[in-house]
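Data block for model-v7.txt (compact mmCIF, C-alpha atoms and all ligand atoms):
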```
# COMPACT_ATOMS: atom_id res chain seq x y z
CA MET A 1 -27.06 -9.47 -31.07
CA THR A 2 -23.68 -7.98 -30.20
CA PRO A 3 -21.36 -6.80 -32.96
CA THR A 4 -18.83 -9.26 -34.36
CA ASP A 5 -16.77 -10.53 -31.46
CA PRO A 6 -13.81 -12.90 -31.91
CA THR A 7 -14.28 -14.33 -28.39
CA ALA A 8 -17.96 -15.16 -28.81
CA ARG A 9 -17.36 -18.87 -29.49
CA ASP A 10 -15.15 -19.16 -26.39
CA ARG A 11 -17.75 -17.38 -24.28
CA PHE A 12 -20.43 -19.71 -25.58
CA LEU A 13 -18.30 -22.75 -24.74
CA ALA A 14 -17.70 -21.35 -21.25
CA LEU A 15 -21.45 -20.92 -20.73
CA LEU A 16 -21.98 -24.49 -21.90
CA GLY A 17 -19.25 -25.84 -19.61
CA ALA A 18 -20.71 -24.02 -16.60
CA ALA A 19 -24.24 -25.22 -17.41
CA VAL A 20 -23.03 -28.82 -17.59
CA SER A 21 -21.17 -28.65 -14.32
CA ASN A 22 -23.84 -26.86 -12.33
CA GLY A 23 -26.65 -29.00 -13.73
CA ALA A 24 -28.42 -26.11 -15.47
CA LEU A 25 -28.16 -27.51 -19.00
CA GLU A 26 -31.53 -28.22 -20.56
CA LYS A 27 -30.51 -28.78 -24.16
CA LEU A 28 -28.08 -27.75 -26.86
CA THR A 29 -28.87 -27.69 -30.55
CA LEU A 30 -26.24 -27.43 -33.27
CA GLY A 31 -27.35 -26.48 -36.77
CA LYS A 32 -26.20 -25.07 -40.12
CA HIS A 33 -24.23 -28.20 -40.91
CA ARG A 34 -21.14 -27.71 -43.12
CA GLY A 35 -19.47 -31.10 -42.75
CA THR A 36 -18.71 -33.80 -45.28
CA ASP A 37 -21.75 -36.00 -44.48
CA ALA A 38 -24.43 -34.50 -46.73
CA THR A 39 -27.23 -36.38 -44.89
CA LEU A 40 -26.47 -34.85 -41.47
CA ARG A 41 -28.81 -32.01 -40.41
CA ASN A 42 -28.47 -31.28 -36.69
CA LEU A 43 -26.99 -32.44 -33.45
CA PHE A 44 -29.18 -32.35 -30.31
CA VAL A 45 -27.56 -32.71 -26.89
CA ARG A 46 -29.29 -33.15 -23.53
CA PRO A 47 -28.24 -34.37 -20.06
CA VAL A 48 -29.13 -37.90 -18.98
CA ALA A 49 -28.60 -39.76 -15.71
CA LEU A 50 -27.33 -43.26 -16.40
CA LYS A 51 -26.04 -46.01 -14.14
CA ALA A 52 -22.55 -44.97 -15.22
CA GLY A 53 -23.24 -41.44 -13.93
CA PRO A 54 -24.42 -38.20 -15.54
CA GLN A 55 -23.76 -38.14 -19.27
CA LEU A 56 -24.70 -36.10 -22.31
CA CYS A 57 -26.92 -37.77 -24.86
CA PHE A 58 -26.05 -36.86 -28.48
CA VAL A 59 -28.75 -37.31 -31.10
CA TRP A 60 -27.29 -36.96 -34.59
CA ARG A 61 -30.21 -36.13 -36.87
CA HIS A 62 -29.74 -37.27 -40.42
CA ALA A 63 -32.16 -36.82 -43.32
CA THR A 64 -33.83 -40.20 -42.73
CA ARG A 65 -32.63 -41.48 -39.33
CA ASP A 66 -31.33 -40.50 -35.90
CA ILE A 67 -28.17 -41.88 -34.32
CA THR A 68 -27.96 -41.66 -30.52
CA LYS A 69 -24.81 -41.88 -28.44
CA ASN A 70 -24.10 -41.06 -24.77
CA LEU A 71 -20.81 -39.54 -23.68
CA PRO A 72 -19.29 -38.58 -20.32
CA PRO A 73 -19.39 -34.77 -19.83
CA ALA A 74 -15.68 -34.05 -20.45
CA GLU A 75 -15.60 -36.09 -23.66
CA ALA A 76 -18.89 -34.58 -24.80
CA LEU A 77 -17.65 -31.02 -24.25
CA ALA A 78 -14.44 -31.74 -26.16
CA GLN A 79 -16.42 -33.12 -29.08
CA ILE A 80 -18.81 -30.14 -29.15
CA GLU A 81 -15.82 -27.78 -29.11
CA SER A 82 -14.33 -29.57 -32.11
CA LEU A 83 -17.62 -29.34 -34.05
CA LEU A 84 -18.52 -25.74 -33.29
CA GLY A 85 -17.56 -23.25 -35.98
CA SER A 86 -16.45 -25.94 -38.44
CA THR A 87 -18.95 -28.80 -38.77
CA PHE A 88 -21.85 -26.76 -37.38
CA LEU A 89 -22.01 -22.97 -37.66
CA ASP A 90 -25.05 -22.27 -35.42
CA ALA A 91 -25.70 -23.28 -31.85
CA HIS A 92 -28.51 -22.66 -29.37
CA LEU A 93 -27.93 -23.34 -25.70
CA PHE A 94 -30.90 -23.59 -23.30
CA THR A 95 -30.19 -23.55 -19.58
CA SER A 96 -32.45 -23.07 -16.58
CA SER A 97 -31.67 -19.34 -16.65
CA GLN A 98 -30.40 -18.42 -20.12
CA ILE A 99 -30.79 -18.90 -23.83
CA ALA A 100 -27.56 -18.35 -25.75
CA GLN A 101 -27.36 -18.19 -29.51
CA LEU A 102 -24.03 -18.49 -31.32
CA GLU A 103 -23.50 -17.76 -35.00
CA CYS A 104 -20.16 -18.65 -36.57
CA ALA A 105 -18.90 -17.56 -39.96
CA LEU A 106 -16.53 -19.52 -42.18
CA ASP A 107 -13.88 -16.82 -41.74
CA GLY A 108 -13.63 -17.78 -38.04
CA SER A 109 -15.58 -14.83 -36.63
CA SER A 110 -18.57 -15.45 -34.38
CA ARG A 111 -21.42 -13.60 -32.71
CA LEU A 112 -23.16 -14.39 -29.44
CA ALA A 113 -26.52 -13.28 -28.04
CA VAL A 114 -27.46 -14.22 -24.51
CA LYS A 115 -30.93 -13.75 -23.11
CA THR A 116 -31.80 -14.32 -19.48
CA VAL A 117 -35.05 -16.16 -19.04
CA ALA A 118 -37.50 -15.66 -16.22
CA ALA A 119 -37.85 -18.42 -13.68
CA GLY A 120 -41.17 -19.99 -14.39
CA PRO A 121 -43.01 -23.01 -13.16
CA ARG A 122 -41.06 -25.24 -15.54
CA ALA A 123 -38.62 -27.57 -13.92
CA VAL A 124 -35.51 -29.07 -15.39
CA ALA A 125 -35.82 -32.78 -16.04
CA SER A 126 -33.28 -34.77 -14.10
CA GLY A 127 -32.65 -37.04 -17.04
CA GLY A 128 -32.59 -40.79 -16.99
CA HIS A 129 -33.85 -43.23 -19.57
CA ASP A 130 -36.13 -45.28 -17.39
CA ARG A 131 -37.52 -42.63 -15.05
CA MET A 132 -37.87 -38.93 -15.82
CA LYS A 133 -38.58 -36.84 -12.76
CA SER A 134 -38.82 -33.07 -12.79
CA HIS A 135 -36.97 -31.01 -10.20
CA LEU A 136 -36.15 -27.32 -10.11
CA ILE A 137 -32.65 -28.37 -9.11
CA PRO A 138 -31.65 -31.24 -11.40
CA ALA A 139 -30.50 -34.32 -9.53
CA THR A 140 -27.64 -34.50 -12.03
CA SER A 141 -26.17 -31.18 -10.77
CA SER A 142 -22.57 -32.01 -10.03
CA TRP A 143 -22.50 -29.75 -6.94
CA LEU A 144 -25.16 -32.00 -5.38
CA ARG A 145 -22.81 -34.92 -5.93
CA ALA A 146 -19.84 -32.96 -4.53
CA LEU A 147 -21.89 -32.18 -1.39
CA GLY A 148 -22.73 -35.86 -1.01
CA VAL A 149 -26.46 -35.41 -1.67
CA THR A 150 -26.47 -37.51 -4.84
CA ASN A 151 -24.44 -40.49 -5.98
CA ASP A 152 -22.33 -40.95 -9.11
CA ARG A 153 -25.43 -41.90 -11.06
CA GLY A 154 -27.07 -38.55 -10.26
CA GLN A 155 -29.59 -40.05 -7.84
CA PRO A 156 -30.25 -38.89 -4.24
CA ARG A 157 -28.28 -41.05 -1.79
CA ALA A 158 -30.58 -42.93 0.56
CA GLU A 159 -29.34 -41.15 3.69
CA MET A 160 -29.61 -37.75 1.98
CA ALA A 161 -33.07 -38.21 0.46
CA ALA A 162 -34.65 -35.86 3.01
CA LYS A 163 -32.00 -33.20 2.32
CA PHE A 164 -32.61 -33.59 -1.43
CA ARG A 165 -36.37 -33.06 -0.90
CA GLN A 166 -35.68 -30.10 1.39
CA ILE A 167 -33.49 -28.48 -1.29
CA GLN A 168 -36.20 -28.90 -3.92
CA LYS A 169 -38.95 -27.65 -1.63
CA PHE A 170 -36.93 -24.65 -0.49
CA THR A 171 -36.13 -23.75 -4.10
CA GLU A 172 -39.80 -23.90 -5.08
CA LEU A 173 -40.75 -21.75 -2.11
CA LEU A 174 -38.06 -19.19 -2.83
CA ARG A 175 -39.07 -18.99 -6.46
CA ASP A 176 -42.68 -18.33 -5.41
CA LEU A 177 -41.68 -15.77 -2.77
CA LEU A 178 -39.37 -13.95 -5.21
CA ASP A 179 -42.26 -13.84 -7.63
CA GLU A 180 -44.65 -12.57 -4.96
CA ALA A 181 -42.13 -9.89 -3.96
CA LYS A 182 -41.93 -8.88 -7.65
CA LEU A 183 -38.22 -9.57 -7.70
CA LEU A 184 -38.25 -11.87 -10.70
CA ALA A 185 -38.02 -10.45 -14.17
CA SER A 186 -41.29 -12.13 -15.13
CA SER A 187 -43.12 -10.11 -12.49
CA ALA A 188 -41.44 -6.77 -13.17
CA PRO A 189 -43.77 -4.11 -14.54
CA SER A 190 -41.90 -3.45 -17.80
CA SER A 191 -43.32 -5.00 -20.94
CA ASP A 192 -39.94 -5.11 -22.69
CA GLU A 193 -38.53 -8.46 -21.59
CA SER A 194 -35.02 -8.02 -22.92
CA GLU A 195 -34.70 -4.72 -21.06
CA ARG A 196 -36.10 -5.89 -17.74
CA VAL A 197 -34.20 -9.18 -17.47
CA GLU A 198 -30.84 -7.77 -18.48
CA ASP A 199 -31.08 -4.86 -16.06
CA ARG A 200 -31.85 -6.84 -12.93
CA SER A 201 -29.18 -8.55 -10.90
CA LEU A 202 -30.60 -9.44 -7.52
CA ARG A 203 -28.38 -9.36 -4.47
CA ILE A 204 -29.15 -12.32 -2.24
CA VAL A 205 -27.47 -13.07 1.05
CA ASP A 206 -27.77 -16.42 2.83
CA MET A 207 -26.79 -15.88 6.47
CA GLY A 208 -25.40 -18.85 8.39
CA CYS A 209 -25.23 -20.85 5.17
CA GLY A 210 -23.36 -23.86 6.57
CA LYS A 211 -22.28 -26.22 3.78
CA GLY A 212 -24.25 -24.11 1.32
CA TYR A 213 -26.84 -26.66 0.19
CA LEU A 214 -29.50 -24.00 -0.15
CA THR A 215 -27.09 -21.29 -1.30
CA PHE A 216 -25.97 -23.43 -4.25
CA ALA A 217 -29.62 -24.24 -4.96
CA LEU A 218 -30.50 -20.54 -5.17
CA ALA A 219 -27.52 -19.79 -7.39
CA THR A 220 -28.61 -22.65 -9.67
CA LEU A 221 -32.21 -21.44 -9.75
CA LEU A 222 -31.31 -17.86 -10.58
CA GLY A 223 -28.12 -18.21 -12.62
CA ALA A 224 -27.02 -14.89 -14.06
CA ARG A 225 -30.01 -13.09 -12.56
CA ALA A 226 -28.50 -12.94 -9.08
CA ASP A 227 -25.33 -12.35 -7.13
CA VAL A 228 -25.54 -14.77 -4.24
CA LEU A 229 -23.43 -14.44 -1.09
CA GLY A 230 -23.27 -17.06 1.64
CA VAL A 231 -22.12 -15.85 5.07
CA GLU A 232 -20.83 -18.42 7.51
CA VAL A 233 -18.91 -18.15 10.76
CA ARG A 234 -16.83 -21.32 10.19
CA PRO A 235 -13.94 -20.46 7.84
CA GLU A 236 -13.30 -24.07 6.80
CA LEU A 237 -16.85 -24.31 5.41
CA VAL A 238 -16.39 -20.99 3.61
CA ALA A 239 -13.16 -22.19 1.96
CA PHE A 240 -14.84 -25.47 0.97
CA CYS A 241 -17.86 -23.71 -0.53
CA ASN A 242 -15.76 -21.14 -2.43
CA ASP A 243 -13.65 -23.93 -3.94
CA LEU A 244 -16.76 -25.81 -4.95
CA ALA A 245 -18.40 -22.70 -6.46
CA ARG A 246 -15.25 -22.01 -8.50
CA SER A 247 -14.79 -25.56 -9.70
CA GLN A 248 -18.46 -25.79 -10.69
CA GLY A 249 -18.34 -22.60 -12.73
CA PHE A 250 -20.64 -20.46 -10.56
CA ALA A 251 -19.55 -16.96 -11.57
CA GLN A 252 -21.95 -15.08 -9.30
CA LEU A 253 -21.83 -17.15 -6.13
CA ARG A 254 -19.35 -16.54 -3.34
CA PHE A 255 -18.98 -17.22 0.36
CA ALA A 256 -17.57 -14.99 3.08
CA ALA A 257 -16.40 -15.81 6.59
CA GLY A 258 -18.07 -13.70 9.23
CA SER A 259 -20.76 -13.48 11.80
CA ILE A 260 -24.31 -12.54 10.94
CA ALA A 261 -24.32 -9.66 13.39
CA ASP A 262 -21.23 -8.04 11.91
CA THR A 263 -21.71 -8.56 8.18
CA PRO A 264 -22.85 -5.37 6.45
CA LEU A 265 -25.45 -5.97 3.77
CA GLU A 266 -25.81 -2.73 1.83
CA GLY A 267 -27.99 -3.14 -1.21
CA ALA A 268 -29.24 -6.65 -0.41
CA ASP A 269 -32.58 -7.41 -2.06
CA VAL A 270 -33.13 -10.71 -0.28
CA VAL A 271 -31.84 -11.89 3.09
CA ILE A 272 -32.20 -15.53 4.10
CA ALA A 273 -31.28 -17.25 7.36
CA LEU A 274 -32.26 -20.88 7.70
CA HIS A 275 -31.74 -22.55 11.05
CA ALA A 276 -29.53 -19.77 12.38
CA CYS A 277 -29.72 -20.57 16.07
CA ASP A 278 -31.60 -18.52 18.62
CA THR A 279 -30.99 -14.76 18.30
CA ALA A 280 -28.83 -15.14 15.16
CA THR A 281 -32.19 -15.17 13.36
CA ASP A 282 -33.00 -11.75 14.88
CA ASP A 283 -29.58 -10.43 13.86
CA ALA A 284 -30.18 -11.60 10.28
CA LEU A 285 -33.64 -10.02 10.20
CA ALA A 286 -32.24 -6.77 11.61
CA ARG A 287 -29.48 -6.75 8.97
CA GLY A 288 -32.05 -7.28 6.24
CA LEU A 289 -34.31 -4.55 7.59
CA ALA A 290 -31.40 -2.10 7.83
CA ALA A 291 -30.49 -2.89 4.21
CA GLY A 292 -34.10 -2.24 3.16
CA ALA A 293 -34.27 -5.73 1.62
CA SER A 294 -37.48 -6.51 -0.26
CA LEU A 295 -37.69 -10.08 0.98
CA LEU A 296 -36.63 -11.68 4.26
CA VAL A 297 -36.87 -15.43 4.77
CA VAL A 298 -35.96 -17.18 8.00
CA ALA A 299 -36.46 -20.65 9.45
CA PRO A 300 -35.89 -20.05 13.17
CA CYS A 301 -34.56 -22.63 15.59
CA CYS A 302 -33.35 -22.99 19.19
CA GLN A 303 -35.57 -20.16 20.47
CA LYS A 304 -33.88 -19.81 23.88
CA GLU A 305 -33.78 -16.06 24.49
CA LEU A 306 -37.28 -15.65 25.90
CA ARG A 307 -37.44 -18.80 28.02
CA PRO A 308 -36.12 -17.24 31.25
CA GLN A 309 -38.52 -14.32 30.87
CA LEU A 310 -41.67 -16.28 30.10
CA ALA A 311 -44.05 -15.98 33.01
CA ALA A 312 -46.98 -18.28 32.56
CA PRO A 313 -50.32 -16.58 32.99
CA PRO A 314 -51.98 -18.38 35.94
CA VAL A 315 -54.50 -20.10 33.72
CA LEU A 316 -51.66 -21.76 31.75
CA ALA A 317 -49.56 -22.76 34.75
CA ASP A 318 -50.77 -26.38 34.95
CA ALA A 319 -50.29 -26.95 31.22
CA LEU A 320 -46.84 -25.46 31.32
CA ARG A 321 -45.61 -27.88 33.96
CA HIS A 322 -44.67 -30.03 30.99
CA GLY A 323 -41.28 -29.18 29.49
CA ILE A 324 -42.34 -29.82 25.91
CA PHE A 325 -45.18 -27.28 26.22
CA GLN A 326 -42.77 -24.74 27.67
CA GLU A 327 -40.46 -25.32 24.72
CA ARG A 328 -43.28 -24.96 22.20
CA GLN A 329 -44.59 -21.90 23.98
CA ALA A 330 -41.14 -20.29 23.74
CA GLU A 331 -41.01 -21.05 20.03
CA PHE A 332 -44.50 -19.70 19.46
CA VAL A 333 -44.03 -16.51 21.50
CA THR A 334 -40.62 -15.79 19.94
CA ASP A 335 -41.70 -16.29 16.35
CA ALA A 336 -45.09 -14.62 16.80
CA LEU A 337 -43.36 -11.57 18.26
CA ARG A 338 -40.88 -11.54 15.37
CA ALA A 339 -43.73 -11.68 12.86
CA GLN A 340 -45.55 -8.78 14.56
CA LEU A 341 -42.39 -6.68 14.72
CA LEU A 342 -41.77 -7.27 11.02
CA GLU A 343 -45.33 -6.09 10.29
CA TRP A 344 -44.63 -3.01 12.36
CA ALA A 345 -41.45 -2.49 10.35
CA GLY A 346 -43.54 -2.30 7.16
CA TYR A 347 -43.37 -5.91 5.93
CA ARG A 348 -46.24 -8.22 4.95
CA THR A 349 -45.45 -11.36 6.89
CA LYS A 350 -46.34 -15.01 6.38
CA VAL A 351 -45.63 -17.94 8.70
CA PHE A 352 -45.92 -21.51 7.45
CA GLU A 353 -44.39 -24.99 7.60
CA PHE A 354 -41.97 -25.34 4.75
CA ILE A 355 -41.34 -29.04 4.84
CA SER A 356 -43.03 -31.97 6.49
CA THR A 357 -42.15 -32.53 10.16
CA GLU A 358 -41.19 -36.02 9.07
CA HIS A 359 -37.99 -34.50 7.59
CA THR A 360 -37.13 -31.97 10.30
CA PRO A 361 -38.95 -30.62 13.34
CA LYS A 362 -37.41 -27.19 12.60
CA ASN A 363 -39.80 -26.57 9.80
CA LEU A 364 -41.36 -23.18 10.50
CA MET A 365 -40.65 -20.51 7.93
CA LEU A 366 -41.22 -16.82 8.38
CA ALA A 367 -41.26 -14.78 5.18
CA ALA A 368 -41.61 -11.01 5.08
CA ILE A 369 -42.16 -8.95 1.95
CA LYS A 370 -41.55 -5.21 2.08
CA ALA A 371 -44.90 -3.52 1.80
CA GLY A 372 -44.51 0.04 2.96
CA PRO A 373 -42.73 2.41 5.29
CA ARG A 374 -41.91 1.44 8.85
CA GLY A 375 -45.08 1.65 10.96
CA ALA A 376 -43.56 3.70 13.75
CA ALA A 377 -46.63 5.90 13.60
CA ASP A 378 -48.94 2.91 13.89
CA ASP A 379 -49.69 3.28 17.58
CA ALA A 380 -52.47 0.71 17.49
CA LEU A 381 -50.18 -2.04 16.17
CA ALA A 382 -47.39 -1.02 18.53
CA GLY A 383 -49.87 -1.17 21.41
CA ARG A 384 -51.03 -4.67 20.46
CA ILE A 385 -47.42 -5.87 20.27
CA ARG A 386 -46.78 -4.50 23.77
CA ASP A 387 -49.98 -6.16 25.06
CA PHE A 388 -48.77 -9.47 23.64
CA ALA A 389 -45.33 -9.08 25.22
CA ARG A 390 -46.86 -8.11 28.58
CA PHE A 391 -49.21 -11.12 28.53
CA TYR A 392 -46.19 -13.44 28.38
CA GLY A 393 -43.97 -11.39 30.65
CA ILE A 394 -41.53 -10.43 27.89
CA ARG A 395 -39.37 -7.44 28.69
CA THR A 396 -36.64 -7.64 26.05
CA GLN A 397 -36.29 -9.41 22.74
CA ARG A 398 -33.38 -9.12 20.34
CA LEU A 399 -35.26 -8.01 17.22
CA ALA A 400 -37.23 -5.44 19.24
CA THR A 401 -33.92 -4.12 20.58
CA HIS A 402 -32.46 -3.91 17.07
CA LEU A 403 -35.54 -1.96 15.98
CA ALA A 404 -35.46 0.28 19.06
CA PHE A 405 -39.01 -0.90 19.71
CA PRO A 406 -39.93 -0.49 23.40
CA LEU A 407 -41.68 -3.63 24.64
CA LEU A 408 -42.54 -2.12 28.00
C1 LIG B 1 -27.91 -25.40 11.43
S1 LIG B 1 -26.76 -24.78 10.29
C2 LIG B 1 -27.80 -24.35 8.94
C3 LIG B 1 -27.08 -24.22 7.64
C4 LIG B 1 -27.95 -23.79 6.47
N1 LIG B 1 -28.51 -22.47 6.65
C5 LIG B 1 -29.03 -24.80 6.22
O1 LIG B 1 -30.18 -24.56 6.60
O2 LIG B 1 -28.74 -25.82 5.57
C6 LIG B 1 -26.38 -23.19 10.99
C7 LIG B 1 -25.15 -22.61 10.43
O3 LIG B 1 -25.07 -21.26 10.83
C8 LIG B 1 -23.76 -20.97 11.26
N2 LIG B 1 -23.90 -19.87 12.23
C9 LIG B 1 -24.47 -19.93 13.45
N3 LIG B 1 -24.44 -18.71 14.04
C10 LIG B 1 -23.84 -17.88 13.16
C11 LIG B 1 -23.53 -16.50 13.17
N4 LIG B 1 -23.85 -15.76 14.23
N5 LIG B 1 -22.92 -15.97 12.10
C12 LIG B 1 -22.63 -16.73 11.01
N6 LIG B 1 -22.90 -18.04 10.94
C13 LIG B 1 -23.50 -18.62 11.99
C14 LIG B 1 -23.26 -22.26 11.86
O4 LIG B 1 -21.84 -22.34 11.87
C15 LIG B 1 -23.90 -23.28 10.95
O5 LIG B 1 -23.05 -23.63 9.88
```

Since I need it in another form, could you write the structure as structure tokens?
Amino acid sequence: MTPTDPTARDRFLALLGAAVSNGALEKLTLGKHRGTDATLRNLFVRPVALKAGPQLCFVWRHATRDITKNLPPAEALAQIESLLGSTFLDAHLFTSSQIAQLECALDGSSRLAVKTVAAGPRAVASGGHDRMKSHLIPATSSWLRALGVTNDRGQPRAEMAAKFRQIQKFTELLRDLLDEAKLLASSAPSSDESERVEDRSLRIVDMGCGKGYLTFALATLLGARADVLGVEVRPELVAFCNDLARSQGFAQLRFAAGSIADTPLEGADVVIALHACDTATDDALARGLAAGASLLVVAPCCQKELRPQLAAPPVLADALRHGIFQERQAEFVTDALRAQLLEWAGYRTKVFEFISTEHTPKNLMLAAIKAGPRGAADDALAGRIRDFARFYGIRTQRLATHLAFPLL
């Protein structure tokens, strides 16, 4: 608990407002009733998705009965503000990333304690009276609506259903990878939770973030635990995303205009590049490696660089008369080489499909977790990588060049 702080109530209300707009609100409880109705005990508030759109459901708990009323977010926030510190002196706010406790005194002073909570397997319920479905990113998040993924009722729009599923799947995967890389507070070695969660602010960079669907998802998942930066070459998208982040109350999410190859990333813990075309994926990996990032996550696409170099071994020549096999071979050779080079660079590497091919054919994900020092001395591994490159006739490859790894 911090010492008495006259701005604590305002800070609490700001946290509440941000949680409502970015969809992170789980519940709010008001207690220590001091109003005129002697039967009133508590007020419980939670988000609900109704036909009329996302609303906040108020449950007024009296000694012998509950009274329930739904309010649109702006009206609900105004009412909570009017109650806090007068009708109710205590408040507990639960969001997907924080627990905030406010204590008000009758003299107008207030105290606030905020605790960051570890991301766990729990998901935030999307709300809704008739159908409760759990998602890590609540469907009622207003940024999803602003990006056109959900409708005014907080439901995925039919034409964006695949994108909605992709966002949820990606968020689950990232949470698991962050955990595996020991980057989440819950997996840090310290046994003192308050110390370990408060001290850690991850630096995450999403390279080639586009409209920021997955960047906003990460910022929602991690809340105050991470500073998230989206890098995008198209300035109009950057301006759009920055406006949206500001209006939705994301304090630790920002977007910068620039190219992947030229954006310095000092101190980045996590570097992500999803569907950054062709060698932009290599540039993002190289940036992450240079920054010493603990986790690199890429979903490569448009693997063109190696196609002109690929010389089919004679035994494959007949098979490779077919264009689709040539294309798949180029994808396989490019991404396999990337994975091997990341291993050589001291990263434990995993390659997997991250979403069903039914949603997108560009579904391969390559994740690398820092495991040790660069394996420059590992002649055996370097030799195997060169054998692989020679087998396919590869002389140069962008990531190898970045790493000064001789393929010949
Ligand atoms: C296919 S979109 C993917 C967007 C986002 N990562 C996703 O998966 O939803 C690729 C984005 O990367 C951007 N991009 C491509 N090359 C880039 C580069 N070299 N530097 C920065 N952004 C780049 C494009 O403008 C585009 O918005």

Checklist entry - What is the distance, in Å and to one decimal place, between atom CA of A:Ile204 and atom CA of A:Thr334? => result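 Interatomic distance here is 25.2 Å.
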
Next on the checklist: For A:Leu144, find every residue with an atom within 12 Å (counting all atoms listed in the file), except residues of its own chain fewer than 3 positions away, and show them as a PyMOL selection string.
Outcome noted: chain A and resi 21-23+54+137-141+147-157+160-161+163-164+167-168+211-217+220+244-245+248

Residues of chain A that approach ligand LIG 1 (chain B) to 7 Å or less, counting all atoms listed in the file: could you list each one with the shortest pair of atoms and its distance in Å to one decimal, rows by chain and increasing residue number, as CSV?
```
residue,atom,partner,partner_atom,distance
A:Met207,CA,B:LIG1,C12,6.2
A:Gly208,CA,B:LIG1,O3,3.4
A:Cys209,CA,B:LIG1,N1,3.9
A:Gly210,CA,B:LIG1,O5,3.3
A:Lys211,CA,B:LIG1,C3,6.5
A:Gly212,CA,B:LIG1,C4,6.3
A:Tyr213,CA,B:LIG1,O2,5.8
A:Leu214,CA,B:LIG1,O2,6.1
A:Val231,CA,B:LIG1,C12,6.0
A:Glu232,CA,B:LIG1,N6,4.0
A:Val233,CA,B:LIG1,C12,4.0
A:Arg234,CA,B:LIG1,O4,5.4
A:Gly258,CA,B:LIG1,C12,5.8
A:Ser259,CA,B:LIG1,N5,3.3
A:Ile260,CA,B:LIG1,N5,3.9
A:Ala261,CA,B:LIG1,N4,6.2
A:Ala273,CA,B:LIG1,N1,6.0
A:Leu274,CA,B:LIG1,N1,4.2
A:His275,CA,B:LIG1,C1,4.8
A:Ala276,CA,B:LIG1,C6,4.9
A:Cys277,CA,B:LIG1,C9,5.9
A:Ala280,CA,B:LIG1,N4,5.1
```

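Taking atom CA of A:Phe44 as the reference point, atom CA of A:Leu136 is found at 22.0 Å.
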
Item to check | Nearest residue to A:Ala91 from the set A:Leu77, A:Leu28, A:Ala146, A:Val45 (distances using only C-alpha atoms) | outcome: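 Ranked by minimum distance to A:Ala91, first place goes to A:Leu28.
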
Next on the checklist: Let me make sure I understand: among A:Ile272, A:Ala371, A:Leu316, A:Ala339, which one has the smallest atom-to-atom distance to A:Lys182 if we use only C-alpha atoms?
Outcome noted: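 Looking only at the distances to A:Lys182, the closest residue turns out to be A:Ala371.
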
When you look at A:Leu102 with a cut-off of 10 Å (counting all atoms listed in the file), what residues show up, excluding the ones that are within fewer than 2 positions of it in the same chain? I need them as a short mmCIF file (atom, residue, chain, number, x, y, z; two decimals) with C-alpha atoms, keeping the file's coordinate frame.
```cif
data_model
loop_
_atom_site.label_atom_id
_atom_site.label_comp_id
_atom_site.auth_asym_id
_atom_site.auth_seq_id
_atom_site.Cartn_x
_atom_site.Cartn_y
_atom_site.Cartn_z
CA MET A 1 -27.06 -9.47 -31.07
CA ALA A 8 -17.96 -15.16 -28.81
CA ARG A 9 -17.36 -18.87 -29.49
CA ARG A 11 -17.75 -17.38 -24.28
CA PHE A 12 -20.43 -19.71 -25.58
CA LEU A 13 -18.30 -22.75 -24.74
CA LEU A 30 -26.24 -27.43 -33.27
CA LEU A 84 -18.52 -25.74 -33.29
CA GLY A 85 -17.56 -23.25 -35.98
CA LEU A 89 -22.01 -22.97 -37.66
CA ASP A 90 -25.05 -22.27 -35.42
CA ALA A 91 -25.70 -23.28 -31.85
CA HIS A 92 -28.51 -22.66 -29.37
CA LEU A 93 -27.93 -23.34 -25.70
CA ALA A 100 -27.56 -18.35 -25.75
CA CYS A 104 -20.16 -18.65 -36.57
CA SER A 110 -18.57 -15.45 -34.38
CA ARG A 111 -21.42 -13.60 -32.71
CA LEU A 112 -23.16 -14.39 -29.44
CA ALA A 113 -26.52 -13.28 -28.04
CA VAL A 114 -27.46 -14.22 -24.51
#
```

I'd like the contact shell of stretch 367-370 of chain A - 7 Å cut-off, only C-alpha atoms, skipping same-chain residues fewer than 6 positions apart - returned as a CSV table (one decimal) with C-alpha atoms, in the coordinates of the input.
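Wrote it out as selection_4.csv, contents follow:
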```csv
chain,number,residue,atom,x,y,z
A,181,ALA,CA,-42.1,-9.9,-4.0
A,294,SER,CA,-37.5,-6.5,-0.3
A,295,LEU,CA,-37.7,-10.1,1.0
A,296,LEU,CA,-36.6,-11.7,4.3
A,297,VAL,CA,-36.9,-15.4,4.8
A,298,VAL,CA,-36.0,-17.2,8.0
A,346,GLY,CA,-43.5,-2.3,7.2
A,347,TYR,CA,-43.4,-5.9,5.9
A,348,ARG,CA,-46.2,-8.2,5.0
A,349,THR,CA,-45.4,-11.4,6.9
A,350,LYS,CA,-46.3,-15.0,6.4
A,351,VAL,CA,-45.6,-17.9,8.7
```

Next on the checklist: Quick check, in Å to one decimal: how far apart do atom CA of A:Cys301 and atom CA of A:Asp278 lie?
Outcome noted: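 Atom-to-atom, atom CA of A:Cys301 and atom CA of A:Asp278 are spaced 5.9 Å apart.
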
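Comparing A:His322, A:Arg328, A:Gly383, A:Ala404 by their smallest distance to A:Ala345, the closest is A:Ala404 (using all atoms listed in the file).
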
Checklist entry - Within 9 Å of stretch 305-310 of chain A, counting only C-alpha atoms, which residues qualify if same-chain residues fewer than 2 places away don't, as a ChimeraX atom specification? => result /A:278-279,302-303,312,326-327,329-331,333-334,392-398

Return the padded bounding box of stretch 228-237 of chain A as lines of an AutoDock Vina configuration file: axis-aligned, built from all atoms listed in the file, 3 Å added on each side, with centre and edge lengths in Å to one decimal.
```
center_x = -19.4
center_y = -19.4
center_z = 3.3
size_x = 18.2
size_y = 15.9
size_z = 21.0
```
